[in-house]
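Data file: work_9.txt. Format and content: compact mmCIF, C-alpha atoms.
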```
# COMPACT_ATOMS: atom_id res chain seq x y z
CA GLU A 1 -15.94 -19.68 -11.38
CA ARG A 2 -14.00 -17.01 -13.24
CA PRO A 3 -10.37 -18.04 -13.85
CA TYR A 4 -7.59 -15.98 -12.28
CA ARG A 5 -5.98 -13.57 -14.71
CA ALA A 6 -2.20 -13.42 -14.52
CA ASN A 7 -2.06 -9.66 -14.95
CA GLN A 8 -4.67 -8.94 -12.28
CA ALA A 9 -2.14 -8.18 -9.54
CA ARG A 10 -0.26 -5.78 -11.82
CA THR A 11 -3.48 -3.96 -12.66
CA TYR A 12 -3.97 -2.95 -9.04
CA TYR A 13 -0.32 -2.15 -8.37
CA TYR A 14 -0.17 1.60 -7.71
CA GLY A 15 2.62 2.13 -10.24
CA SER A 16 0.95 0.37 -13.16
CA GLY A 17 -1.03 3.43 -14.22
CA LEU A 18 -3.67 1.09 -15.63
CA LEU A 19 -6.56 2.43 -13.58
CA GLU A 20 -8.06 5.91 -13.58
CA PHE A 21 -7.15 8.18 -10.70
CA TYR A 22 -10.01 9.75 -8.77
CA GLY A 23 -10.29 12.51 -6.20
CA ARG A 24 -7.58 13.98 -3.96
CA HIS A 25 -7.96 17.48 -5.41
CA LYS A 26 -7.28 19.28 -2.11
CA GLU A 27 -4.37 17.02 -1.28
CA ARG A 28 -2.81 17.52 -4.71
CA GLN A 29 -3.11 21.27 -4.32
CA ALA A 30 -1.44 21.13 -0.90
CA LEU A 31 1.34 18.91 -2.25
CA ALA A 32 1.86 21.22 -5.22
CA GLU A 33 2.38 24.13 -2.83
CA PHE A 34 4.92 22.03 -0.92
CA ILE A 35 6.82 21.01 -4.05
CA GLU A 36 6.85 24.48 -5.58
CA GLN A 37 7.73 26.37 -2.40
CA THR A 38 10.74 28.55 -3.23
CA ASP A 39 12.19 29.56 0.14
CA ASP A 40 14.03 26.30 0.92
CA LYS A 41 16.23 24.05 -1.18
CA LEU A 42 15.58 20.90 0.86
CA LEU A 43 12.20 20.08 2.41
CA LEU A 44 10.36 16.93 3.42
CA TRP A 45 6.75 16.16 4.25
CA LEU A 46 5.22 13.12 5.90
CA VAL A 47 2.05 11.72 4.33
CA THR A 48 0.19 9.25 6.51
CA GLY A 49 -2.83 7.03 6.05
CA ASP A 50 -4.09 3.50 6.52
CA GLY A 51 -2.83 0.79 4.21
CA GLY A 52 -4.85 0.81 0.99
CA VAL A 53 -6.09 4.39 1.37
CA GLY A 54 -4.04 5.57 -1.61
CA LYS A 55 -0.75 7.09 -0.38
CA SER A 56 1.46 5.40 -2.94
CA ARG A 57 -0.93 6.01 -5.83
CA LEU A 58 -1.18 9.71 -4.96
CA ALA A 59 2.62 9.97 -4.86
CA PHE A 60 2.88 8.09 -8.16
CA GLU A 61 0.52 10.55 -9.83
CA LEU A 62 2.55 13.48 -8.46
CA CYS A 63 5.72 11.98 -9.88
CA ARG A 64 4.14 11.62 -13.31
CA GLU A 65 2.89 15.21 -13.18
CA TYR A 66 6.21 16.70 -12.12
CA ARG A 67 8.29 14.69 -14.55
CA ASP A 68 6.26 16.43 -17.24
CA LYS A 69 7.25 19.73 -15.59
CA GLY A 70 10.95 18.99 -15.82
CA TYR A 71 11.55 17.41 -12.44
CA ARG A 72 13.50 14.28 -11.72
CA ALA A 73 10.75 12.49 -9.82
CA GLY A 74 10.25 8.97 -8.55
CA PHE A 75 10.33 6.46 -5.71
CA LEU A 76 13.69 5.91 -4.05
CA SER A 77 14.74 2.28 -4.34
CA GLN A 78 15.43 0.40 -1.14
CA ASN A 79 19.10 -0.15 -1.93
CA THR A 80 19.96 3.47 -2.75
CA LEU A 81 22.14 5.41 -0.29
CA LEU A 82 23.20 8.89 -1.33
CA SER A 83 26.85 9.85 -1.23
CA PRO A 84 27.89 12.67 1.16
CA ASN A 85 28.57 15.01 -1.78
CA TRP A 86 25.35 14.31 -3.67
CA ALA A 87 23.63 17.33 -5.23
CA PRO A 88 20.60 17.59 -7.54
CA GLU A 89 21.15 18.31 -11.22
CA GLN A 90 17.54 19.42 -11.75
CA PRO A 91 14.47 20.05 -9.57
CA THR A 92 13.87 16.77 -7.74
CA LEU A 93 10.94 15.02 -6.08
CA ILE A 94 11.81 11.88 -4.12
CA VAL A 95 9.28 9.50 -2.57
CA ILE A 96 10.32 7.20 0.28
CA ASP A 97 7.61 4.60 0.79
CA TYR A 98 7.40 2.66 4.07
CA ALA A 99 9.66 5.36 5.51
CA ALA A 100 9.80 3.88 9.01
CA GLU A 101 11.71 0.92 7.58
CA ARG A 102 14.18 3.14 5.74
CA ILE A 103 15.62 5.41 8.39
CA ASP A 104 19.17 5.03 7.06
CA GLN A 105 18.12 6.59 3.77
CA LEU A 106 16.37 9.42 5.57
CA LYS A 107 19.51 10.07 7.62
CA ARG A 108 21.49 10.66 4.43
CA PHE A 109 19.16 13.51 3.48
CA LEU A 110 19.41 15.03 6.95
CA ASP A 111 23.20 14.95 6.60
CA LEU A 112 22.87 17.08 3.44
CA TYR A 113 20.96 19.85 5.17
CA GLU A 114 23.90 22.20 5.71
CA VAL A 115 25.17 21.97 2.13
CA SER A 116 21.71 22.15 0.57
CA ALA A 117 21.70 25.96 0.72
CA SER A 118 24.34 25.95 -2.04
CA TRP A 119 22.36 23.71 -4.39
CA ARG A 120 21.17 25.14 -7.68
CA PHE A 121 17.95 23.15 -7.61
CA PRO A 122 15.33 22.29 -4.95
CA VAL A 123 14.74 18.81 -3.56
CA ARG A 124 11.40 17.73 -2.10
CA ILE A 125 11.02 14.46 -0.21
CA LEU A 126 7.70 12.75 0.45
CA LEU A 127 7.72 10.23 3.28
CA LEU A 128 4.87 7.73 3.10
CA GLU A 129 3.88 5.76 6.16
CA ARG A 130 0.95 4.42 8.14
CA PRO A 131 -0.22 6.42 11.18
CA ALA A 132 2.09 6.37 14.20
CA SER A 133 4.75 4.29 12.42
CA LEU A 134 7.08 7.29 12.14
CA SER A 135 6.22 8.88 15.48
CA GLU A 136 8.26 11.52 17.30
CA GLU A 137 8.92 9.09 20.15
CA ARG A 138 10.26 6.41 17.81
CA LEU A 139 12.52 8.79 15.92
CA LYS A 140 13.96 10.28 19.10
CA GLN A 141 14.82 6.78 20.29
CA THR A 142 16.53 5.89 17.01
CA HIS A 143 20.29 5.71 17.36
CA ASP A 144 22.21 8.55 15.70
CA PHE A 145 19.07 10.18 14.28
CA ASP A 146 19.22 13.99 14.06
CA TYR A 147 15.69 14.78 15.16
CA VAL A 148 16.35 18.54 15.35
CA THR A 149 17.30 18.67 11.66
CA TYR A 150 14.35 16.44 10.82
CA GLN A 151 12.04 19.02 12.41
CA LEU A 152 13.77 21.87 10.59
CA LEU A 153 13.19 20.19 7.25
CA GLN A 154 9.53 19.38 7.87
CA TYR A 155 7.18 21.40 5.69
CA GLY A 156 4.44 21.15 8.31
CA ALA A 157 2.32 18.73 10.26
CA ALA A 158 1.81 15.38 8.60
CA LEU A 159 -0.67 15.29 5.74
CA GLU A 160 -3.19 12.68 6.83
CA LEU A 161 -5.04 11.00 3.98
CA GLN A 162 -8.66 10.24 4.73
CA PRO A 163 -10.77 7.81 2.67
CA LEU A 164 -12.02 9.10 -0.65
CA SER A 165 -15.51 10.51 -0.84
CA LYS A 166 -18.43 8.19 -1.49
CA PRO A 167 -18.88 9.50 -5.09
CA ASP A 168 -15.19 8.89 -5.85
CA LEU A 169 -15.24 5.38 -4.40
CA LEU A 170 -18.36 4.54 -6.39
CA ALA A 171 -16.68 5.96 -9.50
CA ILE A 172 -13.69 3.65 -8.97
CA MET A 173 -15.94 0.61 -8.68
CA LYS A 174 -18.01 1.54 -11.72
CA TYR A 175 -14.89 2.18 -13.79
CA ILE A 176 -13.64 -1.33 -13.05
CA LEU A 177 -17.02 -2.93 -13.65
CA ARG A 178 -17.24 -1.24 -17.07
CA ARG A 179 -13.91 -2.66 -18.22
CA PRO A 180 -14.19 -5.46 -20.81
CA PRO A 181 -15.90 -7.79 -20.45
CA ALA A 182 -18.31 -5.25 -19.03
CA ARG A 183 -20.82 -6.31 -16.39
CA GLN A 184 -24.19 -4.83 -15.59
CA LEU A 185 -23.71 -2.20 -12.93
CA PRO A 186 -25.31 -2.89 -9.54
CA ALA A 187 -27.21 -0.04 -7.95
CA ASP A 188 -25.09 2.49 -6.06
CA LYS A 189 -26.71 1.46 -2.80
CA LYS A 190 -25.74 -2.17 -3.32
CA LEU A 191 -22.17 -1.27 -4.22
CA TRP A 192 -21.81 0.96 -1.20
CA GLN A 193 -23.26 -1.59 1.18
CA GLY A 194 -20.93 -4.19 -0.25
CA LEU A 195 -17.90 -1.96 0.34
CA LEU A 196 -18.95 -1.24 3.92
CA LYS A 197 -19.21 -4.96 4.53
CA VAL A 198 -15.83 -5.76 2.96
CA ASP A 199 -14.00 -2.78 4.42
CA PRO A 200 -15.69 -0.50 6.98
CA LYS A 201 -12.80 1.98 6.53
CA CYS A 202 -13.80 2.41 2.87
CA ARG A 203 -10.29 2.36 1.45
CA SER A 204 -9.89 2.79 -2.28
CA LEU A 205 -7.82 -0.37 -2.80
CA PHE A 206 -10.56 -2.48 -1.25
CA ALA A 207 -13.18 -0.73 -3.38
CA ALA A 208 -11.16 -1.80 -6.43
CA TYR A 209 -10.85 -5.37 -5.15
CA LEU A 210 -14.59 -5.56 -4.52
CA ALA A 211 -15.39 -4.36 -8.02
CA GLU A 212 -12.99 -6.90 -9.50
CA ALA A 213 -14.64 -9.66 -7.48
CA LEU A 214 -18.05 -8.65 -8.85
CA ARG A 215 -16.88 -8.85 -12.47
```
Structure rendered as structure tokens:
Amino acid sequence: ERPYRANQARTYYYGSGLLEFYGRHKERQALAEFIEQTDDKLLLWLVTGDGGVGKSRLAFELCREYRDKGYRAGFLSQNTLLSPNWAPEQPTLIVIDYAAERIDQLKRFLDLYEVSASWRFPVRILLLERPASLSEERLKQTHDFDYVTYQLLQYGAALELQPLSKPDLLAIMKYILRRPPARQLPADKKLWQGLLKVDPKCRSLFAAYLAEALR
């Protein structure tokens, strides 16, 4: 039996950057249009998808891309609450992961809506959550939550991430299987059948786990 490698968990952590990123071309284009929209200083967009489908990794890649473009970009830490007079000092992209559990942080951004028109730089907020976890009904029932402002700041309907295409999922598995010590690649049909058995939803994280298990 192959011994457990201590760095294995880190390898598959979305923020490690240790694995190649595949697919999501249409989603990245849509998110680029959201980030670079020039009519509003403060905007947010909800990105939904099943656990393991790749929400956090997609947001991580966007942050890397936009840091190279001069943005302050990253995931908001759980303990961070903005002050009432906060203002961006450069174009800013903020990711709030597990947004349904972090309503207090979201409220702080809603409170900044009126003053945001005077900001020199735009702020874009990506909210990441599983389907239905940040529903209209739940938000309306949340104490002291300004749902009207939340709607005003929404870029559009939630961006729903679907599973990657079959070629992209196979590419992920082959990439992992080729990493040292490389293993002989199973046939595509065998890999695909294995993924369907492990995870009928065909999520990218489970494709990576399957490939690791086959190494």
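As for CA of Ala32 in chain A and CA of Tyr175 in chain A, they are spaced 26.8 Å apart.
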Go through range 10-78 of chain A and flag each residue having an atom no more than 10 Å from range 132-147 of chain A; for those, report the closest pair of atoms plus their distance in Å to one decimal, using all atoms listed in the file, ordered by chain and rising number, as a Markdown table.
```
| residue | atom | partner | partner_atom | distance |
| --- | --- | --- | --- | --- |
| A:Leu46 | CA | A:Leu134 | CA | 8.7 |
| A:Thr48 | CA | A:Ala132 | CA | 8.4 |
| A:Gly49 | CA | A:Ala132 | CA | 9.5 |
```
Selected residues, C-alpha atoms, written as a short mmCIF file (atom, residue, chain, number, x, y, z; two decimals), keeping the file's coordinate frame, please.
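And here's selection-v9.cif as it stands now:
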```
data_model
loop_
_atom_site.label_atom_id
_atom_site.label_comp_id
_atom_site.auth_asym_id
_atom_site.auth_seq_id
_atom_site.Cartn_x
_atom_site.Cartn_y
_atom_site.Cartn_z
CA LEU A 46 5.22 13.12 5.90
CA THR A 48 0.19 9.25 6.51
CA GLY A 49 -2.83 7.03 6.05
#
```
Long-range neighbours of Glu114 in chain A as a CSV table (one decimal) with C-alpha atoms, keeping the file's coordinate frame, 10 Å cut-off, all atoms listed in the file, 4 positions minimum in chain:
```csv
chain,number,residue,atom,x,y,z
A,42,LEU,CA,15.6,20.9,0.9
A,110,LEU,CA,19.4,15.0,7.0
A,118,SER,CA,24.3,26.0,-2.0
A,149,THR,CA,17.3,18.7,11.7
```
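Proximity of A:Gly194, A:Lys41, A:Ala208, A:Arg178 to Ile125 in chain A, computed with only C-alpha atoms, is greatest for A:Lys41.
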*Which distance in Å separates CA of Arg179 in chain A and CA of Thr11 in chain A, to one decimal?*
11.9 Å
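Atom pair CA of Glu27 in chain A / CA of Leu210 in chain A: separated by 25.0 Å.
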_Ranking A:Arg183, A:Ser116, A:Arg64, A:Asp39 by minimum distance to Ser16 in chain A and counting only C-alpha atoms, which one comes first?_
A:Arg64
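The shortest atom-to-atom distance to Ala30 in chain A, with only C-alpha atoms taken into account, belongs to A:Tyr155 out of A:Lys189, A:Tyr155, A:Tyr71, A:Cys202.
Distance check against Pro84 in chain A using all atoms listed in the file: of A:Glu129, A:Glu212, A:Asp111, A:Glu36, the minimum falls on A:Asp111.
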